[in-house]
Each structure stands twice: as C-alpha cells, then as structure tokens.
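Undergrad: Have a look at this one.
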Amino acid sequence: MTIFAIGSIPLILVLGNSMLIPILPKMKTELDISQFKVSLIISVFSIAAAISIPVLGYLSDRFSRKAIIIPALILYGSGGLLAGIAAAWFSNAYTWIIAGRIMQGLGAAGTAPIAMALTGDLFKGGEQSKVLGLVEASNGFGKVISPIIGSLFALVFWYAAFFAFPVFCLISVLLTFFFIKEKKAHKEPPPVGKYVKGLVSVFKTEGRWLFVAYLTGATCLFTLFGILFYISDILEKEHHIDGVLKGGILAIPLLFMTTTSYITGSKIGKKMRLMKALIVLGLLLMTISFSTLVFFEKLIPFFSVLVISSIGTGLVLPCINSFITGSVSTDKRGFVTSLYGSVRFLGVAIGPPVYSTLMEWSRTGMFLTTAALTFLVALLSLIFIHVQKKKTSEENDHDSLFEKWQFT
C-alpha cells in the first residue's frame, strides 16, 4: 500500500496536462482563442511548477515529505475546481482558467519530485530502482489513461475534466496520509547557509553529469508533449477523429513507454553501466524514430514508427531517475530531485508552444530538429556519464550512489 500510495502521486500529476491534450482543439473553439493561447493552458501549469519546485524541494528536506505533498495535492485540486467553475459560469473564462492552471502548477511542484525523494528515503539499493521504475510506470500509466479519461469527460461537457481533479486529488491525499509512514529525523535540519554550501559542493563535484541528466529528462518530456500536441491537432484537423477514439489513439505511444519503463525499472537494479547503456540506446532509438517519421503521414505506419521513440523514452527515464535519486544523501535529496522535476516541467512547458511554431514552419523541419536534439543529448550522455567498477563489497551499504561509483 505504501508503494501504491507513492505511485498515486505522479499519477495525479500527469493528469494535469495529459487529460487536457485531447480537448485542446475543442477548448480553442469554445473560448475562441488562438493556437498559441491554447498551448499556454499546458505551459503555464508547467512553468509555475518549474519555478516553485526548488523551493518546495528545500522545504521537504527541512521539514518532511508528507508535510509538503498533502497541502500541494489540496492546492492542485483547488486549481482544477477554479478552472472548471470559470469555464462553466465566468464571462472572461480564459483568464480564470489560466489562474486555476497556475494554482495547479504550484500544487504540482510538491507532488512527483517529492515522491521521488520519498522513494529514495524509504527504499534502498535494487529495491529503490524497482520502486522508482514503478513510479515512472505510474507516471506513464497516467499518461496512457488520461487522454481516454479526458475524452470521456468531454462527452459530458468540454470542461468536465477540470471538475475531476479535486476528486482524484482527494483519493491521493487519503492514500498518502494513511499509508505512507516516514522515518522520523534524528537530528535538526541544518541552517539555510550550511544547506546551501552542501548543495554547492554537490554541484561542484557532480555538476557536469547532473546537468546532462537533467537535460536528458527535460528532452524526453519536451519531445513527448510536443509530439502529443502535434498528434492531437492532426487527428482532428486532417483525419477528423475526436472523442474517445482520439484519446485511445493518443494513448498508444504512451502505453509502449509505460510498459518499457516498468520493465526497465524492475531489471536495472544497481547496474550503473547497464543504466548508462540504456540511456544512450534509448536516445538513439528516439533519434531514429523522429528522423524516420518525416517519410510517413498515414496513421498506421506513422504510429508504428512513433512507438520506437516511446520505447526509447521508456528506457531512458527510469535510469535517469535512479541516477539522480541516489546521487546525494537524504538531507539534500529533496532539492536535487526537485530541481530535476523542475527541468522536466520546463520540458513539458516549452513542448506545445515550440511544436506549435514548428508545425507552422515545416513538418519535416519539426521532426529533423527533434531528431538532432535527441542525438546531441545521446552524445552528451555518452561523454559525460562515466561509471567505474565497484571496488569493495562494503560499498553496498552506503546510502549514496556516489560512494559506490565514480561519476565525472
């Protein structure tokens, strides 16, 4: 039940964007807004989260993970309620929907990134990697079902999805409150100055590979949500597919990503060399897929090639999660994982507006630019993540992966 409760937190988080993807074209029509404005409904959520995540990460280190997660989920649900009420009854609905989305973003900052740190606190070694794989799979599962859920709610009325957020958040709050038992801190948290000095020392010694890891996570989410935005648009405009069928089609690449994430997380254990190899392999699969999509426009061949990139993303994310979650000691883990969550959110935030611009420019240019980006990140991962073999059996007992492996 503890793992189920932890898994519910990122599941709730991804509903925030993925559930709205299928209804964006309908929202554009109902609110009479531009393509760019409709993309901001996704972006402001992610930008608000990205900005506030480091602050909440620090607070979770200083106090406790649950003390941040539970109020964050309540704020998240309240933002959805505000957006739903605005869409139903307010004349200037778009402005209030944006306000509600910002509230949701602030709440989202205290969910999945803190849940990753909580996993690092409660589980160790190979079990930690397995649970992190489940967390990423839960994240992916949310992405799979959310387009379908969003499409089903839209059958009632287009803004019904906003009213679902408070219900989902309440369930996660109850699971978190009753089933997650944190270990009590045996010492007082360090003063802010000492905490900041410790973080600076971490980034001085491990900054290069951490930067590459952060960039990799952001790239995966940037391409994922950018491509989903593109697919949602073409399904309706070019193929005249909407409703539940559209949600089901959007779920196909996400299903492959989720399945791969779960399998990868359950198999990698503490095998650092394997993790690095899977990260590079996954990014290269994404590169091959995106560069090949240029030649396919019919739906079945297009999705057949697209799932290759989804498998690549599913290989990369659990490995990156394990690297980052195990990178520092418990007292700084919240900040480091939260900063990772922040850059992931930035990837989500810039995906729809960038792809909106690229779609207007050139379909071929859009896919080739994406392929060039993933290939560059693959090279950076290959160059900057170095893993040396284990030296002694005693190293297995240490909390930090940096005490077991040498990274540069």
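Residue numbers start at 1 in each chain; chains themselves are named A, B, ... in the order of the structure tokens; ligands are numbered from 1 in the order shown.
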Please provide as a list in words all residues within 10 Å of A:Ala88, with the sequence filter that same-chain residues fewer than 4 positions apart are discarded (counting only C-alpha atoms).
TA: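 Final neighbour list, sorted by chain and number: Leu82, Ala83, Gly84, Ala93, Phe157, Trp158, Tyr159 and Ala160 of chain A.
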Undergrad: Find the residues around A:Asn321 up to 12 Å (only C-alpha atoms counted), leave out those fewer than 4 positions away in its own chain, and share them as a VMD selection string.
TA: chain A and resid 112 to 113 115 to 117 119 to 120 128 to 137 210 213 to 214 216 to 218 261 264 to 265 268 275 to 276 279 314 to 317 325 to 327 336 to 338 340 to 341 344
Undergrad: Could those selected residues go to a file with C-alpha atoms, as a PDB file, in the first residue's frame?
TA:
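This went into part.pdb:
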ATOM      1  CA  ALA A 112       6.009  13.802  -8.182  1.00  0.00           C
ATOM      2  CA  PRO A 113       9.502  15.291  -7.495  1.00  0.00           C
ATOM      3  CA  ALA A 115       7.564  11.472  -4.254  1.00  0.00           C
ATOM      4  CA  MET A 116      10.873  10.534  -5.938  1.00  0.00           C
ATOM      5  CA  ALA A 117      12.798  11.845  -2.916  1.00  0.00           C
ATOM      6  CA  THR A 119      11.121   6.758  -2.539  1.00  0.00           C
ATOM      7  CA  GLY A 120      14.837   7.381  -2.051  1.00  0.00           C
ATOM      8  CA  GLN A 128      14.867   1.576  -4.763  1.00  0.00           C
ATOM      9  CA  SER A 129      15.418   1.228  -8.528  1.00  0.00           C
ATOM     10  CA  LYS A 130      12.461  -1.128  -8.784  1.00  0.00           C
ATOM     11  CA  VAL A 131      10.110   1.242  -6.923  1.00  0.00           C
ATOM     12  CA  LEU A 132      11.390   4.197  -8.969  1.00  0.00           C
ATOM     13  CA  GLY A 133      10.570   2.164 -12.085  1.00  0.00           C
ATOM     14  CA  LEU A 134       7.064   1.660 -10.704  1.00  0.00           C
ATOM     15  CA  VAL A 135       6.789   5.399 -10.001  1.00  0.00           C
ATOM     16  CA  GLU A 136       7.825   6.180 -13.589  1.00  0.00           C
ATOM     17  CA  ALA A 137       5.441   3.485 -14.831  1.00  0.00           C
ATOM     18  CA  LEU A 210      23.944  16.148 -13.284  1.00  0.00           C
ATOM     19  CA  ALA A 213      20.992  14.023 -16.619  1.00  0.00           C
ATOM     20  CA  TYR A 214      18.668  16.983 -16.117  1.00  0.00           C
ATOM     21  CA  THR A 216      18.070  14.254 -20.757  1.00  0.00           C
ATOM     22  CA  GLY A 217      14.943  14.148 -18.593  1.00  0.00           C
ATOM     23  CA  ALA A 218      13.769  17.522 -19.916  1.00  0.00           C
ATOM     24  CA  SER A 261       9.537   1.976 -18.061  1.00  0.00           C
ATOM     25  CA  THR A 264      13.412  -1.322 -17.250  1.00  0.00           C
ATOM     26  CA  GLY A 265      12.907  -0.221 -13.640  1.00  0.00           C
ATOM     27  CA  ILE A 268      18.242  -2.410 -13.782  1.00  0.00           C
ATOM     28  CA  MET A 275      21.821   2.195 -16.954  1.00  0.00           C
ATOM     29  CA  LYS A 276      24.225   4.335 -18.973  1.00  0.00           C
ATOM     30  CA  ILE A 279      20.137   5.862 -21.640  1.00  0.00           C
ATOM     31  CA  GLY A 314      10.777   4.252 -21.515  1.00  0.00           C
ATOM     32  CA  LEU A 315      14.401   3.043 -21.443  1.00  0.00           C
ATOM     33  CA  VAL A 316      15.822   6.456 -20.540  1.00  0.00           C
ATOM     34  CA  LEU A 317      13.588   7.823 -17.775  1.00  0.00           C
ATOM     35  CA  THR A 325      17.590   9.916  -6.720  1.00  0.00           C
ATOM     36  CA  GLY A 326      20.666   8.052  -5.491  1.00  0.00           C
ATOM     37  CA  SER A 327      23.044  10.916  -6.194  1.00  0.00           C
ATOM     38  CA  VAL A 336      18.285  17.665  -6.111  1.00  0.00           C
ATOM     39  CA  THR A 337      15.307  15.547  -7.215  1.00  0.00           C
ATOM     40  CA  SER A 338      13.064  18.610  -7.175  1.00  0.00           C
ATOM     41  CA  TYR A 340      15.254  17.523 -11.761  1.00  0.00           C
ATOM     42  CA  GLY A 341      11.473  17.708 -11.597  1.00  0.00           C
ATOM     43  CA  ARG A 344      11.245  18.104 -16.587  1.00  0.00           C
TER      44      ARG A 344
END
Undergrad: Given only C-alpha atoms as the basis, pick out the residue of A:Gly142, A:Gly80, A:Gly57, A:Gly110 nearest to A:Ile12.
TA: A:Gly142
Undergrad: Write out as number ranges by chain the residues lying within 7 Å of A:Ser342, counting only C-alpha atoms and excluding same-chain residues fewer than 2 positions away.
TA: A: 49-51, 53, 338-340, 344-346
Undergrad: Near A:Ala378, counting only C-alpha atoms, which residues have an atom at most 8 Å away, once you skip same-chain residues fewer than 2 positions from it, shown as JSON, numbers by chain?
TA: {"A": [279, 280, 281, 283, 284, 374, 375, 376, 380, 381, 382]}
Undergrad: Considering only alpha helix (DSSP H) as DSSP defines it on the backbone, what residues of stretch 84-293 of chain A qualify? List them as a count of residues only.
TA: 178
Undergrad: Considering only C-alpha atoms, return as a ChimeraX atom specification whatever protein or nucleic-acid residues lie within 10 Å of A:Phe178, sequence-local ones (same chain, fewer than 3 positions apart) excluded.
TA: /A:1-2,5,173-175,181
Undergrad: Which of these residues is nearest to A:Ser322, using only C-alpha atoms: A:Leu274, A:Ala72, A:Ala371, A:Ala164?
TA: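 Result for the nearest residue to A:Ser322: A:Leu274.
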Undergrad: Find, counting only C-alpha atoms, the residue in A:Leu224, A:Ile231, A:Leu24, A:Cys319 that gets nearest to A:Phe303.
TA: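 Between A:Leu224, A:Ile231, A:Leu24, A:Cys319, the residue approaching A:Phe303 most closely is A:Ile231.
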